[in-house]
Structures are given as C-alpha cells and as structure tokens.
>>> print(open('model20.pdb').read())   # PDB, C-alpha atoms, pLDDT in the B column
ATOM      1  CA  LEU V  10     -10.064   5.534  41.498  1.00 59.00           C
ATOM      2  CA  CYS V  11     -11.658   3.331  44.159  1.00 70.00           C
ATOM      3  CA  ALA V  12     -11.580   5.925  46.921  1.00 72.00           C
ATOM      4  CA  ASP V  13     -13.870   8.302  44.996  1.00 80.00           C
ATOM      5  CA  SER V  14     -16.627   5.781  44.325  1.00 82.00           C
ATOM      6  CA  SER V  15     -20.081   5.888  45.879  1.00 86.00           C
ATOM      7  CA  LEU V  16     -22.518   3.169  46.965  1.00 89.00           C
ATOM      8  CA  GLN V  17     -24.368   3.323  43.634  1.00 90.00           C
ATOM      9  CA  ASP V  18     -21.277   2.977  41.446  1.00 90.00           C
ATOM     10  CA  VAL V  19     -20.362  -0.226  39.681  1.00 90.00           C
ATOM     11  CA  LEU V  20     -16.631  -0.766  39.804  1.00 89.00           C
ATOM     12  CA  LEU V  21     -15.332  -2.823  36.899  1.00 90.00           C
ATOM     13  CA  LEU V  22     -11.649  -3.635  36.602  1.00 91.00           C
ATOM     14  CA  TYR V  23     -10.785  -5.717  33.544  1.00 93.00           C
ATOM     15  CA  ILE V  24      -7.153  -6.762  33.284  1.00 93.00           C
ATOM     16  CA  VAL V  25      -5.646  -8.476  30.249  1.00 93.00           C
ATOM     17  CA  GLY V  26      -2.117  -9.811  30.409  1.00 92.00           C
ATOM     18  CA  TYR V  27      -0.012 -12.381  32.194  1.00 93.00           C
ATOM     19  CA  SER V  28      -0.479 -13.637  35.724  1.00 93.00           C
ATOM     20  CA  ILE V  29       2.233 -15.279  37.759  1.00 93.00           C
ATOM     21  CA  VAL V  30       1.687 -17.645  40.665  1.00 90.00           C
ATOM     22  CA  GLU V  31       4.673 -17.941  42.965  1.00 86.00           C
ATOM     23  CA  GLU V  32       5.486 -20.991  45.080  1.00 83.00           C
ATOM     24  CA  ALA V  33       3.809 -19.572  48.185  1.00 85.00           C
ATOM     25  CA  GLY V  34       0.566 -19.348  46.200  1.00 86.00           C
ATOM     26  CA  ASP V  35       0.499 -15.572  45.771  1.00 90.00           C
ATOM     27  CA  LEU V  36      -0.840 -14.234  42.494  1.00 93.00           C
ATOM     28  CA  TYR V  37       0.873 -11.384  40.634  1.00 95.00           C
ATOM     29  CA  LEU V  38       0.123  -9.532  37.420  1.00 94.00           C
ATOM     30  CA  ALA V  39       3.117  -9.117  35.160  1.00 93.00           C
ATOM     31  CA  THR V  40       4.278  -5.778  33.823  1.00 91.00           C
ATOM     32  CA  ALA V  41       6.621  -5.086  30.928  1.00 90.00           C
ATOM     33  CA  ASP V  42       9.564  -5.065  33.372  1.00 91.00           C
ATOM     34  CA  THR V  43       8.599  -7.999  35.591  1.00 91.00           C
ATOM     35  CA  ASP V  44      11.523 -10.037  36.858  1.00 90.00           C
ATOM     36  CA  LEU V  45      10.452 -13.500  38.061  1.00 88.00           C
ATOM     37  CA  ASP V  46      13.145 -13.414  40.748  1.00 88.00           C
ATOM     38  CA  ARG V  47      11.811 -10.099  42.133  1.00 91.00           C
ATOM     39  CA  LEU V  48       8.026 -10.296  41.873  1.00 92.00           C
ATOM     40  CA  ASN V  49       7.366  -8.096  44.913  1.00 91.00           C
ATOM     41  CA  GLU V  50       9.325  -5.281  43.312  1.00 93.00           C
ATOM     42  CA  THR V  51       8.468  -5.698  39.624  1.00 94.00           C
ATOM     43  CA  ALA V  52       4.893  -7.037  39.396  1.00 95.00           C
ATOM     44  CA  VAL V  53       1.490  -6.031  40.791  1.00 95.00           C
ATOM     45  CA  SER V  54       0.162  -8.350  43.478  1.00 95.00           C
ATOM     46  CA  ALA V  55      -3.454  -9.444  43.251  1.00 93.00           C
ATOM     47  CA  GLN V  56      -3.683  -8.788  46.979  1.00 92.00           C
ATOM     48  CA  TYR V  57      -2.882  -5.107  46.357  1.00 93.00           C
ATOM     49  CA  ILE V  58      -5.649  -4.861  43.747  1.00 92.00           C
ATOM     50  CA  ILE V  59      -8.112  -6.565  46.069  1.00 90.00           C
ATOM     51  CA  SER V  60      -7.229  -4.275  48.971  1.00 89.00           C
ATOM     52  CA  GLU V  61      -7.768  -1.235  46.735  1.00 88.00           C
ATOM     53  CA  LEU V  62     -11.168  -2.548  45.621  1.00 88.00           C
ATOM     54  CA  GLU V  63     -12.136  -3.208  49.246  1.00 87.00           C
ATOM     55  CA  ARG V  64     -11.476   0.465  50.052  1.00 87.00           C
ATOM     56  CA  SER V  65     -14.276   1.439  47.691  1.00 88.00           C
ATOM     57  CA  LEU V  66     -17.729   2.254  49.018  1.00 89.00           C
ATOM     58  CA  SER V  67     -19.273   0.709  45.903  1.00 90.00           C
ATOM     59  CA  LEU V  68     -21.536  -2.240  46.609  1.00 90.00           C
ATOM     60  CA  GLN V  69     -20.933  -3.742  43.162  1.00 90.00           C
ATOM     61  CA  LYS V  70     -17.332  -4.650  42.387  1.00 90.00           C
ATOM     62  CA  ILE V  71     -16.258  -6.763  39.446  1.00 91.00           C
ATOM     63  CA  LEU V  72     -12.698  -7.920  38.871  1.00 91.00           C
ATOM     64  CA  VAL V  73     -12.008  -9.778  35.627  1.00 93.00           C
ATOM     65  CA  LEU V  74      -8.574 -11.277  35.103  1.00 91.00           C
ATOM     66  CA  ASP V  75      -8.170 -12.282  31.470  1.00 92.00           C
ATOM     67  CA  CYS V  76      -4.666 -13.617  31.951  1.00 91.00           C
ATOM     68  CA  ALA V  77      -2.400 -16.349  30.727  1.00 89.00           C
ATOM     69  CA  ASN V  78      -0.695 -17.984  33.696  1.00 86.00           C
ATOM     70  CA  ILE V  79       3.057 -18.246  34.149  1.00 80.00           C
ATOM     71  CA  SER V  80       3.814 -20.623  37.011  1.00 69.00           C
ATOM     72  CA  CYS V  81       6.924 -20.334  39.171  1.00 67.00           C
ATOM     73  CA  SER V  82       6.333 -23.683  40.837  1.00 55.00           C
ATOM     74  CA  ARG V  83       6.706 -27.362  40.153  1.00 45.00           C
ATOM     75  CA  SER V  84       3.393 -28.133  41.910  1.00 48.00           C
ATOM     76  CA  GLU V  85       1.207 -25.991  39.665  1.00 45.00           C
ATOM     77  CA  THR V  86      -2.164 -27.440  40.638  1.00 41.00           C
ATOM     78  CA  ASN V  87      -1.945 -26.640  44.364  1.00 42.00           C
ATOM     79  CA  VAL V  88      -0.378 -23.245  43.860  1.00 41.00           C
ATOM     80  CA  THR V  89      -2.926 -22.158  41.262  1.00 44.00           C
ATOM     81  CA  LYS V  90      -5.809 -23.236  43.517  1.00 43.00           C
ATOM     82  CA  ASN V  91      -4.370 -21.191  46.416  1.00 45.00           C
ATOM     83  CA  ALA V  92      -4.008 -18.118  44.211  1.00 46.00           C
ATOM     84  CA  VAL V  93      -7.559 -18.361  42.890  1.00 45.00           C
ATOM     85  CA  ASP V  94      -8.910 -18.681  46.425  1.00 45.00           C
ATOM     86  CA  THR V  95      -7.163 -15.402  47.255  1.00 44.00           C
ATOM     87  CA  ILE V  96      -9.056 -13.471  44.593  1.00 46.00           C
ATOM     88  CA  TRP V  97     -12.528 -13.842  46.105  1.00 43.00           C
ATOM     89  CA  PHE V  98     -13.450 -10.880  48.305  1.00 39.00           C
TER      90      PHE V  98
END
>>> encode(input="model20.pdb", output="structure tokens")
Amino acid sequence: LCADSSLQDVLLLYIVGYSIVEEAGDLYLATADTDLDRLNETAVSAQYIISELERSLSLQKILVLDCANISCSRSETNVTKNAVDTIWF
C-alpha cells in the first residue's frame, strides 16, 4: 500500500479499535486474537505502522487512531505520554 504511493498522493490510515500501551511505553493495536502477555506476537505495533508510512513517497500522510486504550501498566499517565510521543513522525 505505502510502497506504491507517489509524491502527490494523500495517505490516510484510519484505525478504529483498541490500543494497548505496555509498561515500556510502546503502543500496540489490538486484534481479535491479541494476548496481553504476548503483544509482540499477537498485536500490531504502532512503530510498525509508522515505519510503513515512512516508506511512502507521499508528502501528505495522515494517521488517525480512533482507539479506546487498554493499559498494561500501573503508571498509566507516564506510559501513555511515552506512547503518544512515539506516534509523531
């Protein structure tokens, strides 16, 4: 999808679902089979999505995450802030 885009294209990725912030501050998007103990294997990392968008030649990239957050940490405020900082590219 992203690899075939041109400079004039507008890339819009709108995701609705659940997001998960792990203790290290990494953001994941849940799938139907997501296991909170195995996020790397069963969820989609926001970093993966960002890296795919960065591969695009498009000059206009929009990522909308319309997600309810599931936190895997006791210190939600700091972890959520770290995850949000990761999204900007």
>>> resolve_selection(input="model20.pdb", expression="the PyMOL selection byres ((chain V and resi 19) around 8)", output="PyMOL selection string")
chain V and resi 17-18+20-21+67-71
>>> closest_residue(input="model20.pdb", among="V:Leu66, V:Ile29, V:Val73, V:Ile24", to="Leu48 (chain V)", atoms="only C-alpha atoms")
V:Ile29
>>> atom_distance(input="model20.pdb", atom1="CA of Arg47 (chain V)", atom2="CA of Glu31 (chain V)")
10.6 Å
>>> atom_distance(input="model20.pdb", atom1="CA of Ala12 (chain V)", atom2="CA of Asp42 (chain V)")
27.4 Å
>>> atom_distance(input="model20.pdb", atom1="CA of Ala52 (chain V)", atom2="CA of Ser28 (chain V)")
9.3 Å
>>> residues_near_point(input="model20.pdb", point="(9.3, -7.9, 41.0)", cutoff="12 Å", atoms="all atoms listed in the file", output="PyMOL selection string")
chain V and resi 29+31+37-54
>>> resolve_selection(input="model20.pdb", expression="the PyMOL selection byres ((chain V and resi 56) around 10)", output="PyMOL selection string")
chain V and resi 35-37+53-55+57-62+92+95-96
>>> closest_residue(input="model20.pdb", among="V:Leu22, V:Glu32, V:Cys11, V:Tyr27", to="Leu72 (chain V)", atoms="all atoms listed in the file")
V:Leu22
>>> axis_aligned_box(input="model20.pdb", around="region 54-58 of chain V", padding_each_side="8 Å", output="JSON")
{"center_x": -2.7, "center_y": -7.2, "center_z": 45.1, "size_x": 21.8, "size_y": 20.6, "size_z": 19.7}
